[in-house]
$ cat protein33.cif   # mmCIF, N, CA and C atoms
data_input
loop_
_atom_site.label_atom_id
_atom_site.label_comp_id
_atom_site.auth_asym_id
_atom_site.auth_seq_id
_atom_site.Cartn_x
_atom_site.Cartn_y
_atom_site.Cartn_z
N GLU A 1 23.48 -78.89 94.01
CA GLU A 1 22.87 -78.23 92.91
C GLU A 1 23.47 -76.88 92.63
N ASN A 2 23.84 -76.21 93.66
CA ASN A 2 24.42 -74.89 93.48
C ASN A 2 25.75 -74.92 92.73
N GLN A 3 26.40 -76.00 92.92
CA GLN A 3 27.72 -76.02 92.27
C GLN A 3 27.58 -76.16 90.76
N TYR A 4 26.49 -76.68 90.25
CA TYR A 4 26.29 -76.81 88.81
C TYR A 4 25.45 -75.68 88.25
N ALA A 5 25.17 -74.74 89.05
CA ALA A 5 24.31 -73.65 88.62
C ALA A 5 24.99 -72.82 87.54
N TRP A 6 26.21 -72.62 87.63
CA TRP A 6 26.91 -71.76 86.63
C TRP A 6 26.97 -72.46 85.29
N ASN A 7 26.97 -73.84 85.28
CA ASN A 7 26.99 -74.58 84.03
C ASN A 7 25.68 -74.46 83.25
N LYS A 8 24.64 -74.23 83.92
CA LYS A 8 23.35 -74.11 83.23
C LYS A 8 23.32 -72.84 82.42
N GLU A 9 23.96 -71.83 82.89
CA GLU A 9 23.94 -70.58 82.16
C GLU A 9 24.79 -70.70 80.90
N LYS A 10 25.99 -71.27 80.99
CA LYS A 10 26.90 -71.44 79.85
C LYS A 10 27.34 -72.87 79.83
N PRO A 11 26.57 -73.68 79.18
CA PRO A 11 26.96 -75.10 79.17
C PRO A 11 28.24 -75.30 78.38
N PHE A 12 29.11 -76.15 78.85
CA PHE A 12 30.41 -76.53 78.27
C PHE A 12 31.39 -75.39 78.12
N SER A 13 31.19 -74.31 78.77
CA SER A 13 32.12 -73.18 78.64
C SER A 13 33.47 -73.50 79.28
N HIS A 14 33.42 -74.25 80.35
CA HIS A 14 34.71 -74.60 80.98
C HIS A 14 35.50 -75.53 80.08
N MET A 15 34.80 -76.33 79.28
CA MET A 15 35.50 -77.22 78.36
C MET A 15 36.12 -76.43 77.22
N ARG A 16 35.42 -75.41 76.76
CA ARG A 16 36.00 -74.58 75.71
C ARG A 16 37.26 -73.90 76.20
N ASN A 17 37.26 -73.45 77.39
CA ASN A 17 38.45 -72.81 77.96
C ASN A 17 39.59 -73.84 78.07
N SER A 18 39.24 -75.05 78.46
CA SER A 18 40.25 -76.09 78.58
C SER A 18 40.82 -76.45 77.22
N VAL A 19 39.96 -76.51 76.21
CA VAL A 19 40.43 -76.81 74.85
C VAL A 19 41.32 -75.69 74.37
N ASP A 20 40.92 -74.46 74.60
CA ASP A 20 41.74 -73.31 74.18
C ASP A 20 43.11 -73.35 74.87
N ILE A 21 43.09 -73.65 76.16
CA ILE A 21 44.35 -73.74 76.91
C ILE A 21 45.19 -74.89 76.37
N LEU A 22 44.52 -76.01 76.09
CA LEU A 22 45.23 -77.17 75.57
C LEU A 22 45.82 -76.87 74.18
N GLN A 23 45.05 -76.21 73.34
CA GLN A 23 45.55 -75.86 72.00
C GLN A 23 46.72 -74.87 72.10
N THR A 24 46.61 -73.93 72.99
CA THR A 24 47.69 -72.96 73.20
C THR A 24 48.94 -73.68 73.70
N THR A 25 48.75 -74.62 74.60
CA THR A 25 49.88 -75.38 75.14
C THR A 25 50.53 -76.22 74.06
N VAL A 26 49.70 -76.90 73.25
CA VAL A 26 50.23 -77.73 72.15
C VAL A 26 50.97 -76.84 71.16
N LYS A 27 50.38 -75.70 70.81
CA LYS A 27 51.03 -74.76 69.89
C LYS A 27 52.35 -74.28 70.47
N SER A 28 52.38 -74.00 71.73
CA SER A 28 53.60 -73.56 72.42
C SER A 28 54.66 -74.66 72.37
N PHE A 29 54.25 -75.91 72.65
CA PHE A 29 55.19 -77.05 72.59
C PHE A 29 55.69 -77.26 71.17
N GLN A 30 54.80 -77.11 70.19
CA GLN A 30 55.22 -77.27 68.79
C GLN A 30 56.23 -76.19 68.40
N ASP A 31 55.97 -74.97 68.83
CA ASP A 31 56.92 -73.89 68.53
C ASP A 31 58.27 -74.14 69.21
N GLU A 32 58.19 -74.58 70.45
CA GLU A 32 59.42 -74.88 71.19
C GLU A 32 60.16 -76.05 70.55
N LEU A 33 59.41 -77.08 70.11
CA LEU A 33 60.02 -78.23 69.44
C LEU A 33 60.66 -77.79 68.12
N SER A 34 59.99 -76.91 67.39
CA SER A 34 60.55 -76.39 66.15
C SER A 34 61.84 -75.61 66.44
N ASP A 35 61.84 -74.81 67.49
CA ASP A 35 63.05 -74.07 67.88
C ASP A 35 64.19 -75.02 68.25
N VAL A 36 63.85 -76.09 68.98
CA VAL A 36 64.86 -77.09 69.38
C VAL A 36 65.41 -77.78 68.14
N MET A 37 64.53 -78.15 67.18
CA MET A 37 64.97 -78.80 65.95
C MET A 37 65.89 -77.87 65.15
N ASN A 38 65.54 -76.58 65.09
CA ASN A 38 66.40 -75.61 64.41
C ASN A 38 67.76 -75.49 65.11
N ALA A 39 67.72 -75.48 66.44
CA ALA A 39 68.97 -75.41 67.20
C ALA A 39 69.81 -76.66 66.97
N ILE A 40 69.16 -77.81 66.90
CA ILE A 40 69.89 -79.07 66.63
C ILE A 40 70.54 -79.00 65.26
N GLU A 41 69.81 -78.52 64.27
CA GLU A 41 70.37 -78.39 62.92
C GLU A 41 71.55 -77.42 62.91
N ASP A 42 71.40 -76.30 63.62
CA ASP A 42 72.51 -75.34 63.72
C ASP A 42 73.72 -75.98 64.39
N HIS A 43 73.48 -76.76 65.43
CA HIS A 43 74.58 -77.44 66.13
C HIS A 43 75.23 -78.49 65.24
N LYS A 44 74.43 -79.18 64.44
CA LYS A 44 75.00 -80.17 63.50
C LYS A 44 75.92 -79.48 62.49
N GLN A 45 75.44 -78.35 61.96
CA GLN A 45 76.28 -77.60 61.01
C GLN A 45 77.56 -77.10 61.67
N GLU A 46 77.41 -76.61 62.88
CA GLU A 46 78.59 -76.13 63.62
C GLU A 46 79.55 -77.28 63.90
N LEU A 47 79.01 -78.45 64.25
CA LEU A 47 79.84 -79.63 64.50
C LEU A 47 80.58 -80.04 63.23
N SER A 48 79.88 -80.03 62.10
CA SER A 48 80.53 -80.36 60.82
C SER A 48 81.65 -79.38 60.51
N ARG A 49 81.38 -78.10 60.73
CA ARG A 49 82.41 -77.07 60.49
C ARG A 49 83.60 -77.28 61.41
N LEU A 50 83.35 -77.57 62.68
CA LEU A 50 84.43 -77.79 63.64
C LEU A 50 85.22 -79.05 63.31
N GLN A 51 84.53 -80.10 62.84
CA GLN A 51 85.24 -81.33 62.45
C GLN A 51 86.13 -81.06 61.24
N ALA A 52 85.64 -80.27 60.28
CA ALA A 52 86.45 -79.92 59.11
C ALA A 52 87.67 -79.11 59.55
N LEU A 53 87.46 -78.18 60.47
CA LEU A 53 88.58 -77.39 60.99
C LEU A 53 89.58 -78.26 61.74
N ALA A 54 89.09 -79.23 62.49
CA ALA A 54 89.98 -80.13 63.23
C ALA A 54 90.80 -80.96 62.25
N GLU A 55 90.18 -81.44 61.18
CA GLU A 55 90.91 -82.22 60.17
C GLU A 55 91.96 -81.35 59.48
N GLU A 56 91.57 -80.13 59.16
CA GLU A 56 92.51 -79.19 58.53
C GLU A 56 93.68 -78.90 59.47
N GLN A 57 93.38 -78.72 60.74
CA GLN A 57 94.42 -78.47 61.73
C GLN A 57 95.34 -79.69 61.86
N LYS A 58 94.78 -80.89 61.80
CA LYS A 58 95.58 -82.12 61.88
C LYS A 58 96.54 -82.19 60.70
N GLN A 59 96.05 -81.89 59.50
CA GLN A 59 96.90 -81.92 58.31
C GLN A 59 97.98 -80.84 58.39
N LEU A 60 97.60 -79.67 58.88
CA LEU A 60 98.58 -78.59 59.04
C LEU A 60 99.65 -78.98 60.04
N LYS A 61 99.25 -79.63 61.13
CA LYS A 61 100.21 -80.09 62.13
C LYS A 61 101.18 -81.08 61.52
N GLN A 62 100.65 -82.00 60.70
CA GLN A 62 101.51 -82.99 60.05
C GLN A 62 102.52 -82.31 59.13
N ARG A 63 102.05 -81.34 58.34
CA ARG A 63 102.98 -80.61 57.46
C ARG A 63 104.02 -79.85 58.26
N LEU A 64 103.60 -79.24 59.35
CA LEU A 64 104.54 -78.49 60.18
C LEU A 64 105.56 -79.43 60.83
N ASP A 65 105.11 -80.61 61.26
CA ASP A 65 106.03 -81.59 61.83
C ASP A 65 107.07 -82.02 60.80
N GLU A 66 106.61 -82.24 59.56
CA GLU A 66 107.54 -82.62 58.49
C GLU A 66 108.53 -81.50 58.22
N GLU A 67 108.05 -80.27 58.17
CA GLU A 67 108.93 -79.12 57.94
C GLU A 67 109.93 -78.97 59.09
N GLU A 68 109.46 -79.18 60.30
CA GLU A 68 110.34 -79.09 61.46
C GLU A 68 111.44 -80.16 61.39
N GLU A 69 111.07 -81.37 60.98
CA GLU A 69 112.05 -82.45 60.84
C GLU A 69 113.06 -82.10 59.75
N ASN A 70 112.57 -81.57 58.63
CA ASN A 70 113.48 -81.16 57.55
C ASN A 70 114.43 -80.07 58.02
N LEU A 71 113.91 -79.11 58.77
CA LEU A 71 114.76 -78.04 59.29
C LEU A 71 115.79 -78.59 60.28
N ARG A 72 115.37 -79.55 61.09
CA ARG A 72 116.30 -80.17 62.05
C ARG A 72 117.43 -80.88 61.30
N GLN A 73 117.07 -81.60 60.23
CA GLN A 73 118.09 -82.29 59.43
C GLN A 73 119.01 -81.29 58.75
N ASP A 74 118.43 -80.22 58.20
CA ASP A 74 119.25 -79.18 57.57
C ASP A 74 120.18 -78.54 58.57
N SER A 75 119.67 -78.30 59.76
CA SER A 75 120.50 -77.69 60.81
C SER A 75 121.66 -78.61 61.17
N THR A 76 121.37 -79.90 61.30
CA THR A 76 122.43 -80.87 61.62
C THR A 76 123.47 -80.90 60.51
N SER A 77 123.00 -80.89 59.26
CA SER A 77 123.92 -80.89 58.12
C SER A 77 124.79 -79.64 58.13
N LEU A 78 124.17 -78.50 58.43
CA LEU A 78 124.94 -77.26 58.47
C LEU A 78 125.98 -77.27 59.59
N ILE A 79 125.61 -77.85 60.71
CA ILE A 79 126.58 -77.93 61.83
C ILE A 79 127.75 -78.81 61.42
N LEU A 80 127.47 -79.95 60.80
CA LEU A 80 128.55 -80.84 60.36
C LEU A 80 129.42 -80.16 59.29
N GLU A 81 128.78 -79.47 58.36
CA GLU A 81 129.54 -78.76 57.33
C GLU A 81 130.38 -77.64 57.95
N ALA A 82 129.86 -76.97 58.96
CA ALA A 82 130.60 -75.90 59.62
C ALA A 82 131.84 -76.47 60.32
N LYS A 83 131.68 -77.63 60.96
CA LYS A 83 132.84 -78.27 61.61
C LYS A 83 133.88 -78.68 60.58
N ALA A 84 133.43 -79.24 59.46
CA ALA A 84 134.36 -79.62 58.39
C ALA A 84 135.04 -78.39 57.82
N PHE A 85 134.29 -77.31 57.68
CA PHE A 85 134.87 -76.06 57.17
C PHE A 85 135.91 -75.52 58.15
N ASP A 86 135.61 -75.57 59.43
CA ASP A 86 136.57 -75.10 60.44
C ASP A 86 137.87 -75.90 60.36
N THR A 87 137.73 -77.22 60.22
CA THR A 87 138.92 -78.08 60.10
C THR A 87 139.71 -77.71 58.84
N LEU A 88 139.00 -77.55 57.74
CA LEU A 88 139.66 -77.19 56.48
C LEU A 88 140.31 -75.81 56.60
N GLN A 89 139.62 -74.89 57.25
CA GLN A 89 140.17 -73.54 57.41
C GLN A 89 141.45 -73.58 58.23
N LEU A 90 141.47 -74.36 59.30
CA LEU A 90 142.69 -74.47 60.11
C LEU A 90 143.85 -75.04 59.29
N ARG A 91 143.55 -76.10 58.54
CA ARG A 91 144.59 -76.72 57.72
C ARG A 91 145.10 -75.74 56.66
N MET A 92 144.19 -75.05 56.01
CA MET A 92 144.59 -74.09 54.98
C MET A 92 145.35 -72.92 55.58
N THR A 93 144.97 -72.51 56.78
CA THR A 93 145.70 -71.42 57.45
C THR A 93 147.12 -71.85 57.74
N ARG A 94 147.30 -73.09 58.22
CA ARG A 94 148.65 -73.60 58.47
C ARG A 94 149.47 -73.65 57.17
N GLU A 95 148.84 -74.16 56.12
CA GLU A 95 149.54 -74.23 54.83
C GLU A 95 149.88 -72.84 54.32
N CYS A 96 149.00 -71.90 54.50
CA CYS A 96 149.25 -70.52 54.08
C CYS A 96 150.41 -69.92 54.86
N LYS A 97 150.46 -70.17 56.16
CA LYS A 97 151.56 -69.67 56.97
C LYS A 97 152.89 -70.28 56.52
N LEU A 98 152.86 -71.60 56.23
CA LEU A 98 154.08 -72.25 55.73
C LEU A 98 154.49 -71.65 54.39
N ALA A 99 153.53 -71.40 53.52
CA ALA A 99 153.85 -70.80 52.23
C ALA A 99 154.41 -69.40 52.41
N GLN A 100 153.87 -68.64 53.36
CA GLN A 100 154.39 -67.30 53.62
C GLN A 100 155.82 -67.36 54.16
N LYS A 101 156.10 -68.34 55.00
CA LYS A 101 157.46 -68.51 55.49
C LYS A 101 158.41 -68.84 54.34
N GLU A 102 157.95 -69.73 53.44
CA GLU A 102 158.77 -70.11 52.30
C GLU A 102 159.00 -68.92 51.37
N VAL A 103 157.96 -68.12 51.16
CA VAL A 103 158.11 -66.92 50.34
C VAL A 103 159.10 -65.97 50.99
N ALA A 104 158.98 -65.81 52.30
CA ALA A 104 159.92 -64.93 53.01
C ALA A 104 161.34 -65.44 52.87
N ALA A 105 161.52 -66.76 52.96
CA ALA A 105 162.86 -67.33 52.82
C ALA A 105 163.36 -67.17 51.39
N LEU A 106 162.49 -67.36 50.41
CA LEU A 106 162.90 -67.24 49.01
C LEU A 106 163.20 -65.80 48.61
N THR A 107 162.57 -64.84 49.27
CA THR A 107 162.86 -63.44 48.94
C THR A 107 164.26 -63.05 49.36
N LYS A 108 164.85 -63.81 50.26
CA LYS A 108 166.22 -63.54 50.70
C LYS A 108 167.25 -64.12 49.74
N VAL A 109 166.83 -65.00 48.82
CA VAL A 109 167.75 -65.62 47.86
C VAL A 109 167.99 -64.65 46.72
N ASN A 110 169.26 -64.48 46.40
CA ASN A 110 169.63 -63.60 45.30
C ASN A 110 169.88 -64.48 44.08
N LEU A 111 168.94 -64.49 43.17
CA LEU A 111 169.06 -65.33 41.98
C LEU A 111 170.14 -64.83 41.02
N LEU A 112 170.46 -63.55 41.11
CA LEU A 112 171.50 -63.02 40.22
C LEU A 112 172.88 -63.53 40.62
N ALA A 113 173.03 -63.96 41.87
CA ALA A 113 174.31 -64.48 42.32
C ALA A 113 174.57 -65.87 41.78
N CYS A 114 173.54 -66.57 41.32
CA CYS A 114 173.71 -67.92 40.78
C CYS A 114 174.01 -67.81 39.29
N ASP A 115 175.04 -68.53 38.89
CA ASP A 115 175.36 -68.58 37.47
C ASP A 115 174.65 -69.76 36.86
N LEU A 116 173.65 -69.47 36.09
CA LEU A 116 172.92 -70.52 35.40
C LEU A 116 173.22 -70.38 33.92
N VAL A 117 173.71 -71.42 33.34
CA VAL A 117 174.02 -71.41 31.91
C VAL A 117 173.01 -72.31 31.23
N VAL A 118 172.19 -71.72 30.39
CA VAL A 118 171.19 -72.47 29.65
C VAL A 118 171.81 -72.85 28.31
N ASP A 119 171.80 -74.15 28.06
CA ASP A 119 172.42 -74.68 26.85
C ASP A 119 171.32 -75.23 25.95
N GLU A 120 171.18 -74.67 24.79
CA GLU A 120 170.19 -75.15 23.84
C GLU A 120 170.92 -75.48 22.53
N ARG A 121 171.64 -76.52 22.50
CA ARG A 121 172.43 -76.90 21.34
C ARG A 121 171.62 -77.67 20.30
N GLY A 122 170.36 -77.52 20.30
CA GLY A 122 169.57 -78.28 19.36
C GLY A 122 169.22 -79.64 19.88
N LEU A 123 169.44 -79.84 21.18
CA LEU A 123 169.06 -81.11 21.78
C LEU A 123 167.54 -81.15 21.96
N ARG A 124 167.01 -82.33 22.22
CA ARG A 124 165.57 -82.44 22.42
C ARG A 124 165.15 -81.92 23.78
N TYR A 125 166.10 -81.60 24.62
CA TYR A 125 165.80 -81.10 25.94
C TYR A 125 166.83 -80.02 26.26
N PRO A 126 166.43 -78.99 26.96
CA PRO A 126 167.40 -77.95 27.32
C PRO A 126 168.26 -78.39 28.51
N LEU A 127 169.37 -77.73 28.67
CA LEU A 127 170.28 -78.00 29.78
C LEU A 127 170.47 -76.72 30.57
N ILE A 128 170.52 -76.85 31.88
CA ILE A 128 170.95 -75.75 32.73
C ILE A 128 172.12 -76.28 33.53
N ASN A 129 173.26 -75.64 33.35
CA ASN A 129 174.50 -76.08 33.98
C ASN A 129 174.75 -77.56 33.70
N ASN A 130 174.52 -77.94 32.47
CA ASN A 130 174.71 -79.30 31.99
C ASN A 130 173.79 -80.31 32.67
N LEU A 131 172.65 -79.86 33.21
CA LEU A 131 171.64 -80.76 33.79
C LEU A 131 170.40 -80.69 32.91
N ARG A 132 169.81 -81.84 32.63
CA ARG A 132 168.65 -81.90 31.75
C ARG A 132 167.40 -81.32 32.42
N LEU A 133 166.58 -80.68 31.63
CA LEU A 133 165.28 -80.18 32.10
C LEU A 133 164.19 -81.03 31.43
N ALA A 134 164.12 -82.24 31.83
CA ALA A 134 163.09 -83.14 31.29
C ALA A 134 162.78 -84.17 32.35
N HIS A 135 161.56 -84.71 32.30
CA HIS A 135 161.19 -85.69 33.32
C HIS A 135 161.61 -87.09 32.92
N LYS A 136 161.91 -87.35 31.65
CA LYS A 136 162.34 -88.68 31.22
C LYS A 136 163.70 -88.54 30.52
N ALA A 137 164.61 -89.34 30.94
CA ALA A 137 165.94 -89.31 30.31
C ALA A 137 165.90 -90.13 29.04
N LYS A 138 166.54 -89.63 28.03
CA LYS A 138 166.59 -90.36 26.77
C LYS A 138 168.03 -90.75 26.47
N GLY A 139 168.74 -90.98 27.44
CA GLY A 139 170.13 -91.37 27.25
C GLY A 139 170.71 -91.72 28.60
N ASP A 140 171.99 -91.77 28.66
CA ASP A 140 172.65 -92.10 29.93
C ASP A 140 172.57 -90.92 30.88
N LEU A 141 172.23 -91.24 32.12
CA LEU A 141 172.23 -90.22 33.16
C LEU A 141 173.48 -90.38 33.99
N GLU A 142 174.13 -89.28 34.25
CA GLU A 142 175.31 -89.33 35.10
C GLU A 142 174.86 -89.14 36.54
N TRP A 143 175.69 -89.67 37.46
CA TRP A 143 175.35 -89.60 38.86
C TRP A 143 175.18 -88.17 39.34
N LEU A 144 175.98 -87.25 38.89
CA LEU A 144 175.85 -85.84 39.28
C LEU A 144 174.51 -85.27 38.87
N GLU A 145 174.06 -85.72 37.70
CA GLU A 145 172.78 -85.21 37.22
C GLU A 145 171.63 -85.77 38.05
N ILE A 146 171.75 -87.01 38.48
CA ILE A 146 170.70 -87.62 39.30
C ILE A 146 170.67 -86.96 40.69
N ASN A 147 171.81 -86.67 41.24
CA ASN A 147 171.89 -86.03 42.55
C ASN A 147 171.40 -84.60 42.53
N ALA A 148 171.44 -83.97 41.41
CA ALA A 148 171.04 -82.58 41.33
C ALA A 148 169.56 -82.52 41.62
#
$ encode --input "protein33.cif" --output "structure tokens"
Amino acid sequence: ENQYAWNKEKPFSHMRNSVDILQTTVKSFQDELSDVMNAIEDHKQELSRLQALAEEQKQLKQRLDEEEENLRQDSTSLILEAKAFDTLQLRMTRECKLAQKEVAALTKVNLLACDLVVDERGLRYPLINNLRLAHKAKGDLEWLEINA
């Protein structure tokens, strides 16, 4: 009997406290659930943003790979052109040296010492020392003229 003595003074008071505690607990769980739902929504948005960034990065990587391949091809082309240029330069240098030798040899020739007689008798082609200055003969060619 003594154990129920306190209930006689305030009947159902312990139940009111339990209901209050239960309501507080439910309210706390609801607030926590709302916070979790908000966090989930934030994480979903962040995930969407990160997926968009990953896709953008993938496309950028593809463009960079294409540019790198183009640069590699251009580099190869330039190397081949440089080798061809080097070959051409060597050949042209040799030809230039030969031309310089020929010029040096020709500068030693005294053209005034040669007697050249230009004959323009009204012929269709001029003559130098009785040799025709034309690429096509229009008459008989003498052996001396062919040997010249």
$ select_by_dssp --input "protein33.cif" --residues "stretch 64-115 of chain A" --states "alpha helix (DSSP H)" --output "PyMOL selection string"
chain A and resi 64-107
$ atom_distance --input "protein33.cif" --atom1 "atom C of A:Asp35" --atom2 "atom CA of A:Ser48"
18.7 Å
$ atom_distance --input "protein33.cif" --atom1 "atom N of A:Lys44" --atom2 "atom C of A:Gln62"
28.8 Å
$ closest_atom_pairs --input "protein33.cif" --of "stretch 17-74 of chain A" --to "stretch 78-91 of chain A" --cutoff "10 Å" --atoms "only C-alpha atoms" --output "CSV"
residue,atom,partner,partner_atom,distance
A:Arg72,CA,A:Leu78,CA,9.8
A:Gln73,CA,A:Leu78,CA,8.6
A:Asp74,CA,A:Leu78,CA,6.1
$ decode --input "protein33.cif" --residues "stretch 20-83 of chain A" --atoms "C-alpha atoms" --output "mmCIF file, in the first residue's frame"
data_model
loop_
_atom_site.group_PDB
_atom_site.id
_atom_site.type_symbol
_atom_site.label_atom_id
_atom_site.label_comp_id
_atom_site.auth_asym_id
_atom_site.auth_seq_id
_atom_site.Cartn_x
_atom_site.Cartn_y
_atom_site.Cartn_z
ATOM 1 C CA ASP A 20 5.940 14.519 -22.017
ATOM 2 C CA ILE A 21 9.190 12.563 -22.253
ATOM 3 C CA LEU A 22 7.779 10.513 -25.114
ATOM 4 C CA GLN A 23 6.615 13.635 -26.967
ATOM 5 C CA THR A 24 9.992 15.283 -26.429
ATOM 6 C CA THR A 25 11.725 12.157 -27.715
ATOM 7 C CA VAL A 26 9.453 11.955 -30.775
ATOM 8 C CA LYS A 27 9.994 15.673 -31.449
ATOM 9 C CA SER A 28 13.746 15.160 -31.101
ATOM 10 C CA PHE A 29 13.653 12.190 -33.521
ATOM 11 C CA GLN A 30 11.545 14.187 -35.972
ATOM 12 C CA ASP A 31 14.008 17.081 -35.839
ATOM 13 C CA GLU A 32 16.914 14.704 -36.284
ATOM 14 C CA LEU A 33 15.105 12.964 -39.171
ATOM 15 C CA SER A 34 14.455 16.354 -40.774
ATOM 16 C CA ASP A 35 18.152 17.218 -40.398
ATOM 17 C CA VAL A 36 19.130 13.862 -41.950
ATOM 18 C CA MET A 37 16.702 14.433 -44.854
ATOM 19 C CA ASN A 38 18.185 17.903 -45.416
ATOM 20 C CA ALA A 39 21.686 16.425 -45.315
ATOM 21 C CA ILE A 40 20.631 13.748 -47.827
ATOM 22 C CA GLU A 41 19.256 16.431 -50.146
ATOM 23 C CA ASP A 42 22.486 18.435 -49.788
ATOM 24 C CA HIS A 43 24.501 15.298 -50.564
ATOM 25 C CA LYS A 44 22.333 14.576 -53.614
ATOM 26 C CA GLN A 45 22.947 18.089 -54.920
ATOM 27 C CA GLU A 46 26.659 17.758 -54.234
ATOM 28 C CA LEU A 47 26.693 14.371 -55.989
ATOM 29 C CA SER A 48 24.943 15.877 -59.028
ATOM 30 C CA ARG A 49 27.453 18.733 -59.097
ATOM 31 C CA LEU A 50 30.375 16.308 -58.804
ATOM 32 C CA GLN A 51 28.951 14.085 -61.565
ATOM 33 C CA ALA A 52 28.614 17.138 -63.839
ATOM 34 C CA LEU A 53 32.205 18.100 -63.029
ATOM 35 C CA ALA A 54 33.378 14.545 -63.738
ATOM 36 C CA GLU A 55 31.612 14.582 -67.120
ATOM 37 C CA GLU A 56 33.108 17.982 -67.920
ATOM 38 C CA GLN A 57 36.540 16.699 -66.918
ATOM 39 C CA LYS A 58 36.051 13.612 -69.129
ATOM 40 C CA GLN A 59 35.195 15.812 -72.125
ATOM 41 C CA LEU A 60 38.145 18.090 -71.388
ATOM 42 C CA LYS A 61 40.444 15.063 -71.203
ATOM 43 C CA GLN A 62 39.153 13.862 -74.571
ATOM 44 C CA ARG A 63 39.786 17.281 -76.147
ATOM 45 C CA LEU A 64 43.251 17.422 -74.610
ATOM 46 C CA ASP A 65 44.034 13.919 -75.900
ATOM 47 C CA GLU A 66 42.959 14.976 -79.389
ATOM 48 C CA GLU A 67 45.079 18.139 -79.178
ATOM 49 C CA GLU A 68 48.033 16.113 -77.934
ATOM 50 C CA GLU A 69 47.664 13.701 -80.870
ATOM 51 C CA ASN A 70 47.457 16.625 -83.306
ATOM 52 C CA LEU A 71 50.581 18.159 -81.769
ATOM 53 C CA ARG A 72 52.371 14.811 -81.992
ATOM 54 C CA GLN A 73 51.470 14.554 -85.689
ATOM 55 C CA ASP A 74 52.549 18.149 -86.297
ATOM 56 C CA SER A 75 55.809 17.479 -84.503
ATOM 57 C CA THR A 76 56.438 14.389 -86.633
ATOM 58 C CA SER A 77 55.663 16.366 -89.788
ATOM 59 C CA LEU A 78 58.041 19.120 -88.718
ATOM 60 C CA ILE A 79 60.798 16.612 -88.025
ATOM 61 C CA LEU A 80 60.345 15.054 -91.471
ATOM 62 C CA GLU A 81 60.272 18.481 -93.119
ATOM 63 C CA ALA A 82 63.418 19.484 -91.205
ATOM 64 C CA LYS A 83 65.224 16.367 -92.467
#
